[in-house]
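Just final_10.tsv here, TSV, C-alpha atoms:
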chain	number	residue	atom	x	y	z
A	1	MET	CA	40.33	189.84	-69.29
A	2	ALA	CA	39.42	187.92	-66.14
A	3	GLY	CA	35.91	189.33	-66.28
A	4	ASN	CA	35.51	188.19	-69.88
A	5	MET	CA	36.70	184.68	-69.03
A	6	LYS	CA	34.18	184.58	-66.20
A	7	GLU	CA	31.40	185.25	-68.70
A	8	PHE	CA	32.55	182.19	-70.64
A	9	THR	CA	33.25	179.76	-67.79
A	10	LYS	CA	30.08	180.43	-65.77
A	11	GLY	CA	27.98	178.49	-68.29
A	12	LEU	CA	30.08	175.33	-68.03
A	13	ILE	CA	29.18	174.32	-64.47
A	14	LYS	CA	28.12	177.15	-62.14
A	15	GLU	CA	25.27	178.34	-64.38
A	16	ASN	CA	25.03	175.38	-66.72
A	17	PRO	CA	21.79	176.07	-68.60
A	18	THR	CA	20.69	172.44	-68.69
A	19	LEU	CA	21.89	170.94	-65.40
A	20	VAL	CA	21.68	173.98	-63.09
A	21	LEU	CA	19.16	176.40	-64.58
A	22	LEU	CA	17.13	173.47	-66.02
A	23	LEU	CA	16.53	175.15	-69.38
A	24	GLY	CA	16.22	173.37	-72.74
A	25	THR	CA	14.91	170.19	-71.10
A	26	CYS	CA	12.71	169.15	-74.03
A	27	PRO	CA	15.45	168.79	-76.70
A	28	THR	CA	17.82	167.41	-74.07
A	29	LEU	CA	15.53	164.48	-73.29
A	30	ALA	CA	14.31	163.98	-76.85
A	31	ILE	CA	17.65	164.02	-78.70
A	32	SER	CA	20.02	162.54	-76.11
A	33	SER	CA	19.41	158.86	-76.94
A	34	SER	CA	22.28	159.20	-79.44
A	35	ALA	CA	25.67	160.77	-78.72
A	36	LEU	CA	26.12	161.98	-82.30
A	37	ASP	CA	22.69	163.62	-82.44
A	38	SER	CA	23.32	165.20	-79.04
A	39	LEU	CA	26.61	166.67	-80.20
A	40	GLY	CA	25.02	167.95	-83.40
A	41	MET	CA	22.19	169.64	-81.50
A	42	GLY	CA	24.66	171.18	-79.05
A	43	VAL	CA	26.88	172.61	-81.79
A	44	ALA	CA	23.88	173.99	-83.69
A	45	ALA	CA	22.47	175.64	-80.57
A	46	THR	CA	25.90	177.07	-79.70
A	47	LEU	CA	26.30	178.68	-83.13
A	48	VAL	CA	22.85	180.24	-82.88
A	49	LEU	CA	23.58	181.45	-79.33
A	50	VAL	CA	26.85	183.13	-80.26
A	51	CYS	CA	25.54	184.77	-83.44
A	52	SER	CA	22.22	185.94	-81.99
A	53	ASN	CA	23.86	187.29	-78.84
A	54	ALA	CA	26.33	189.29	-80.93
A	55	VAL	CA	23.67	190.81	-83.20
A	56	ILE	CA	21.20	191.54	-80.40
A	57	SER	CA	23.91	193.20	-78.32
A	58	ALA	CA	25.01	195.32	-81.29
A	59	LEU	CA	21.42	196.40	-82.07
A	60	LYS	CA	20.12	196.77	-78.51
A	61	LYS	CA	20.03	200.58	-78.68
A	62	PHE	CA	17.98	200.51	-81.88
A	63	ILE	CA	15.33	198.01	-80.76
A	64	PRO	CA	12.29	199.65	-79.08
A	65	ASP	CA	11.14	198.03	-75.84
A	66	SER	CA	7.65	197.55	-77.28
A	67	VAL	CA	8.92	195.08	-79.90
A	68	ARG	CA	11.93	193.74	-78.02
A	69	ILE	CA	10.87	190.07	-77.83
A	70	PRO	CA	9.56	189.84	-81.44
A	71	ALA	CA	12.82	191.42	-82.62
A	72	PHE	CA	14.88	188.91	-80.63
A	73	ILE	CA	12.89	186.00	-82.05
A	74	THR	CA	13.34	187.35	-85.58
A	75	VAL	CA	17.12	187.53	-85.14
A	76	ILE	CA	17.25	184.06	-83.61
A	77	ALA	CA	14.99	182.58	-86.32
A	78	SER	CA	17.24	184.03	-89.03
A	79	PHE	CA	20.31	182.27	-87.66
A	80	VAL	CA	18.39	179.04	-87.06
A	81	SER	CA	17.31	179.06	-90.70
A	82	ILE	CA	20.91	179.59	-91.84
A	83	ILE	CA	22.21	176.78	-89.62
A	84	GLN	CA	19.42	174.46	-90.73
A	85	MET	CA	20.16	175.06	-94.41
A	86	LEU	CA	23.87	174.40	-93.84
A	87	ILE	CA	23.11	171.15	-92.00
A	88	LYS	CA	20.70	170.04	-94.74
A	89	ALA	CA	23.35	170.75	-97.36
A	90	PHE	CA	26.38	169.20	-95.67
A	91	VAL	CA	25.02	166.77	-93.02
A	92	PRO	CA	21.61	165.60	-94.27
A	93	ALA	CA	21.62	162.55	-92.01
A	94	LEU	CA	21.91	164.78	-88.93
A	95	ASP	CA	19.11	166.99	-90.22
A	96	LYS	CA	16.89	163.91	-90.55
A	97	SER	CA	17.81	162.68	-87.06
A	98	LEU	CA	17.17	166.01	-85.34
A	99	GLY	CA	13.90	166.46	-87.20
A	100	ILE	CA	11.55	169.10	-85.78
A	101	PHE	CA	13.90	169.85	-82.88
A	102	LEU	CA	16.32	171.68	-85.17
A	103	PRO	CA	13.90	174.46	-86.22
A	104	LEU	CA	12.53	174.51	-82.67
A	105	ILE	CA	15.85	176.01	-81.57
A	106	VAL	CA	14.04	179.28	-82.36
A	107	VAL	CA	11.97	178.95	-79.20
A	108	ASN	CA	14.65	177.30	-77.08
A	109	CYS	CA	14.42	179.11	-73.74
A	110	ILE	CA	18.22	179.04	-73.33
A	111	ILE	CA	18.73	181.21	-76.42
A	112	LEU	CA	15.85	183.61	-75.84
A	113	GLY	CA	16.74	183.80	-72.15
A	114	ARG	CA	20.36	184.83	-72.81
A	115	ALA	CA	19.20	187.38	-75.38
A	116	GLU	CA	16.80	188.95	-72.88
A	117	MET	CA	18.86	188.70	-69.69
A	118	PHE	CA	22.39	189.29	-70.99
A	119	ALA	CA	22.90	190.29	-74.63
A	120	SER	CA	20.35	193.11	-74.49
A	121	LYS	CA	22.15	194.63	-71.47
A	122	ASN	CA	25.84	194.13	-72.30
A	123	LYS	CA	28.47	194.87	-74.95
A	124	VAL	CA	29.11	192.65	-77.94
A	125	TRP	CA	32.26	190.80	-76.83
A	126	PRO	CA	30.97	189.78	-73.37
A	127	SER	CA	27.71	188.73	-75.04
A	128	VAL	CA	29.62	186.55	-77.51
A	129	LEU	CA	31.52	184.88	-74.64
A	130	ASP	CA	28.30	184.43	-72.68
A	131	GLY	CA	26.67	182.73	-75.66
A	132	LEU	CA	29.74	180.56	-76.27
A	133	GLY	CA	29.95	179.53	-72.61
A	134	MET	CA	26.25	178.74	-72.33
A	135	GLY	CA	26.36	176.88	-75.63
A	136	CYS	CA	29.36	174.82	-74.55
A	137	GLY	CA	27.65	174.07	-71.25
A	138	PHE	CA	24.54	172.89	-73.09
A	139	THR	CA	26.65	170.84	-75.51
A	140	LEU	CA	28.59	169.18	-72.69
A	141	ALA	CA	25.40	168.33	-70.81
A	142	ILE	CA	23.43	166.93	-73.74
A	143	THR	CA	26.45	165.06	-75.15
A	144	ALA	CA	27.18	163.49	-71.75
A	145	MET	CA	23.59	162.29	-71.62
A	146	GLY	CA	23.85	160.99	-75.17
A	147	VAL	CA	27.06	159.08	-74.46
A	148	ILE	CA	25.64	157.44	-71.32
A	149	ARG	CA	22.26	156.59	-72.84
A	150	GLU	CA	23.66	155.25	-76.12
A	151	LEU	CA	26.36	153.20	-74.39
A	152	LEU	CA	24.00	151.63	-71.87
A	153	GLY	CA	20.90	151.50	-74.03
A	154	SER	CA	22.36	150.37	-77.37
A	155	GLY	CA	25.89	149.20	-76.59
A	156	THR	CA	27.33	151.64	-79.12
A	157	LEU	CA	29.13	154.97	-78.99
A	158	PHE	CA	28.76	157.46	-81.85
A	159	GLY	CA	27.32	154.54	-83.83
A	160	ILE	CA	30.33	152.28	-83.23
A	161	SER	CA	29.75	148.96	-81.45
A	162	VAL	CA	31.35	148.94	-78.00
A	163	THR	CA	29.56	146.63	-75.55
A	164	ASP	CA	26.54	145.24	-77.43
A	165	LYS	CA	28.40	141.98	-78.18
A	166	ILE	CA	29.74	141.68	-74.64
A	167	VAL	CA	26.93	142.89	-72.40
A	168	GLU	CA	23.29	142.94	-73.37
A	169	PRO	CA	22.11	146.57	-73.73
A	170	ILE	CA	19.66	147.92	-71.15
A	171	GLY	CA	16.86	149.05	-73.41
A	172	ILE	CA	15.22	151.39	-70.93
A	173	PHE	CA	18.12	153.86	-71.26
A	174	ALA	CA	17.18	154.39	-74.90
A	175	MET	CA	13.65	155.27	-73.80
A	176	THR	CA	12.25	158.44	-72.21
A	177	ALA	CA	12.30	156.91	-68.72
A	178	GLY	CA	16.03	156.25	-69.03
A	179	GLY	CA	16.54	159.83	-70.19
A	180	PHE	CA	14.89	161.19	-67.06
A	181	PHE	CA	16.99	158.88	-64.88
A	182	VAL	CA	20.30	159.93	-66.46
A	183	TYR	CA	19.21	163.57	-66.41
A	184	GLY	CA	18.52	163.39	-62.67
A	185	ILE	CA	21.87	161.72	-61.96
A	186	LEU	CA	23.79	164.39	-63.90
A	187	ILE	CA	21.89	167.20	-62.13
A	188	ALA	CA	22.77	165.69	-58.75
A	189	LEU	CA	26.42	165.30	-59.78
A	190	VAL	CA	26.74	168.90	-60.97
A	191	ASN	CA	25.05	170.19	-57.81
A	192	LYS	CA	27.53	168.18	-55.73
A	193	ILE	CA	30.47	169.68	-57.64
A	194	ALA	CA	29.00	173.18	-57.28
A	195	LYS	CA	28.60	172.79	-53.51
A	196	ARG	CA	32.19	171.62	-53.12
A	197	ARG	CA	33.46	174.62	-55.07
A	198	ASN	CA	31.26	177.06	-53.15
A	199	PRO	CA	30.12	175.49	-49.84
A	200	GLU	CA	28.76	178.74	-48.41
A	201	PRO	CA	24.93	178.91	-48.52
A	202	GLY	CA	22.90	181.95	-49.42
A	203	CYS	CA	22.64	184.36	-52.30
A	204	ALA	CA	26.34	184.22	-53.17
A	205	SER	CA	26.07	180.54	-54.13
A	206	CYS	CA	22.84	180.94	-56.10
A	207	PRO	CA	23.33	180.89	-59.91
A	208	MET	CA	20.41	183.30	-60.24
A	209	ALA	CA	21.80	185.82	-57.77
A	210	SER	CA	22.65	188.32	-60.53
A	211	LEU	CA	19.01	188.30	-61.65
A	212	CYS	CA	17.52	188.59	-58.18
A	213	GLN	CA	15.16	191.57	-57.89
A	214	SER	CA	15.22	191.65	-54.11
A	215	LYS	CA	16.93	194.82	-52.87
A	216	ASP	CA	16.76	193.71	-49.25
A	217	LYS	CA	18.44	190.34	-48.72
A	218	ARG	CA	16.43	189.99	-45.52
A	219	GLU	CA	13.46	189.21	-47.76
A	220	CYS	CA	15.13	185.86	-48.40
A	221	GLY	CA	14.70	183.00	-46.00
A	222	GLU	CA	17.35	181.50	-43.75
A	223	GLY	CA	20.69	181.18	-45.54
A	224	GLY	CA	19.64	183.69	-48.17
A	225	GLU	CA	17.42	181.29	-50.14
A	226	ASP	CA	14.03	182.45	-51.33
A	227	LYS	CA	11.09	181.20	-49.35
Would you put the structure from the file into structure tokens?
Amino acid sequence: MAGNMKEFTKGLIKENPTLVLLLGTCPTLAISSSALDSLGMGVAATLVLVCSNAVISALKKFIPDSVRIPAFITVIASFVSIIQMLIKAFVPALDKSLGIFLPLIVVNCIILGRAEMFASKNKVWPSVLDGLGMGCGFTLAITAMGVIRELLGSGTLFGISVTDKIVEPIGIFAMTAGGFFVYGILIALVNKIAKRRNPEPGCASCPMASLCQSKDKRECGEGGEDK
């Protein structure tokens, strides 16, 4: 049970796909000018992550290595199409706001990365929790950016006026430059939290330690970090 919970919680902060592993940067910067759009993108990506991880894990023994990546993309694209049709049917305004970035979930490196590095090597339930945790981590990160950028850049929050009649909005936060600034601040904040929770340097504190191919830790530089 504890091991399963670890698979879920690791994606929230320690291995947050957006703020620690720096994956999915393109949709994060493009969509996060609005809190509602950010939340919608996060939920859509999470649903695709959970469903694709489950199916890929269940079928891993039947997928030949020679067509592994095309098979993963096919599974992911199928769920993206389903999610996109549901959003078009029930939330057309969100579909219009997300635009091309909704179908581009197919090639989102977070989803393909978890399929390749985790779902294809583990059982179904841990893979589902891994996808849910990574999806929640992505949703938290992109929604936090959306809240900050919309509040400072437009004076609204989820489309509701908050400060635009009190303080003049800072327009740059609604632009790409403001997105990079907020993104950098959140990365620094998460790194600070991670260091406080695990102050010891070296491989043990590295979020990519489980993927490290080095058999001899002496190959790493001082403190266990790669040169």
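When only C-alpha atoms are used to measure the gap to Ala144 of chain A, the shortest distance among A:Ala77, A:Val182, A:Leu98, A:Val124 belongs to A:Val182.
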Applying 12 Å and only C-alpha atoms, which residues near Ile187 of chain A remain after dropping the ones on its own chain fewer than 5 positions away? List them as an mmCIF file with C-alpha atoms, keeping the file's coordinate frame.
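The new file out.cif reads:
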data_model
loop_
_atom_site.group_PDB
_atom_site.id
_atom_site.type_symbol
_atom_site.label_atom_id
_atom_site.label_comp_id
_atom_site.auth_asym_id
_atom_site.auth_seq_id
_atom_site.Cartn_x
_atom_site.Cartn_y
_atom_site.Cartn_z
ATOM 1 C CA ILE A 13 29.180 174.320 -64.470
ATOM 2 C CA LYS A 14 28.120 177.150 -62.140
ATOM 3 C CA GLU A 15 25.270 178.340 -64.380
ATOM 4 C CA ASN A 16 25.030 175.380 -66.720
ATOM 5 C CA PRO A 17 21.790 176.070 -68.600
ATOM 6 C CA THR A 18 20.690 172.440 -68.690
ATOM 7 C CA LEU A 19 21.890 170.940 -65.400
ATOM 8 C CA VAL A 20 21.680 173.980 -63.090
ATOM 9 C CA LEU A 21 19.160 176.400 -64.580
ATOM 10 C CA LEU A 22 17.130 173.470 -66.020
ATOM 11 C CA THR A 25 14.910 170.190 -71.100
ATOM 12 C CA ALA A 141 25.400 168.330 -70.810
ATOM 13 C CA ILE A 142 23.430 166.930 -73.740
ATOM 14 C CA ALA A 144 27.180 163.490 -71.750
ATOM 15 C CA MET A 145 23.590 162.290 -71.620
ATOM 16 C CA PHE A 180 14.890 161.190 -67.060
ATOM 17 C CA PHE A 181 16.990 158.880 -64.880
ATOM 18 C CA VAL A 182 20.300 159.930 -66.460
ATOM 19 C CA LYS A 192 27.530 168.180 -55.730
ATOM 20 C CA ILE A 193 30.470 169.680 -57.640
ATOM 21 C CA ALA A 194 29.000 173.180 -57.280
#
### Query
Quick one: distance from atom CA of Val128 of chain A to atom CA of Ser78 of chain A in Å, one decimal?
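So the two atoms, atom CA of Val128 of chain A and atom CA of Ser78 of chain A, lie 17.1 Å apart.
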### Message
Excluding Asn4 of chain A and its own-chain neighbours fewer than 6 positions away, which residues fall within 10 Å of it when counting all atoms listed in the file? Please give them as a PyMOL selection string.
### Response
chain A and resi 125-130
#### Entry: Two-atom distance - atom CA of Val80 of chain A, atom CA of Val106 of chain A (Å)
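Taking atom CA of Val80 of chain A as the start and atom CA of Val106 of chain A as the end point, the length is 6.4 Å.
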### Summary
Correct to one decimal, the distance atom CA of Leu12 of chain A-atom CA of Lys60 of chain A is 25.9 Å
### Message
Taking only C-alpha atoms into account, name the residue in A:Ser52, A:Ser57, A:Ser32, A:Ser66 that is nearest to Gly178 of chain A.
### Response
A:Ser32
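Proximity of A:Gly146, A:Thr74, A:Gly171, A:Leu140 to Phe158 of chain A, computed with only C-alpha atoms, is greatest for A:Gly146.
Comparing A:Gly184, A:Gly135, A:Gly40, A:Pro92 by their smallest distance to Thr9 of chain A, the closest is A:Gly135 (using only C-alpha atoms).
Nearest residue to Ile82 of chain A, choosing from A:Ala54, A:Ile63, A:Leu47, A:Ile69 and counting only C-alpha atoms: A:Leu47.
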### Message
Counting all atoms listed in the file, which residue out of A:Met175, A:Leu189, A:Leu29, A:Met41 sits closest to Leu94 of chain A?
### Response
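Among the listed residues, the smallest separation from Leu94 of chain A belongs to A:Met41.
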For Met117 of chain A, find every residue with an atom within 12 Å (counting only C-alpha atoms), except residues of its own chain fewer than 3 positions away, and show them as a CSV table (one decimal) with C-alpha atoms, in the coordinates of the input.
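result-v6.csv was written with the following content:
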chain,number,residue,atom,x,y,z
A,53,ASN,CA,23.9,187.3,-78.8
A,56,ILE,CA,21.2,191.5,-80.4
A,57,SER,CA,23.9,193.2,-78.3
A,68,ARG,CA,11.9,193.7,-78.0
A,69,ILE,CA,10.9,190.1,-77.8
A,72,PHE,CA,14.9,188.9,-80.6
A,109,CYS,CA,14.4,179.1,-73.7
A,110,ILE,CA,18.2,179.0,-73.3
A,111,ILE,CA,18.7,181.2,-76.4
A,112,LEU,CA,15.8,183.6,-75.8
A,113,GLY,CA,16.7,183.8,-72.2
A,114,ARG,CA,20.4,184.8,-72.8
A,120,SER,CA,20.4,193.1,-74.5
A,121,LYS,CA,22.2,194.6,-71.5
A,122,ASN,CA,25.8,194.1,-72.3
A,127,SER,CA,27.7,188.7,-75.0
A,130,ASP,CA,28.3,184.4,-72.7
A,131,GLY,CA,26.7,182.7,-75.7
A,208,MET,CA,20.4,183.3,-60.2
A,210,SER,CA,22.6,188.3,-60.5
A,211,LEU,CA,19.0,188.3,-61.6
A,212,CYS,CA,17.5,188.6,-58.2
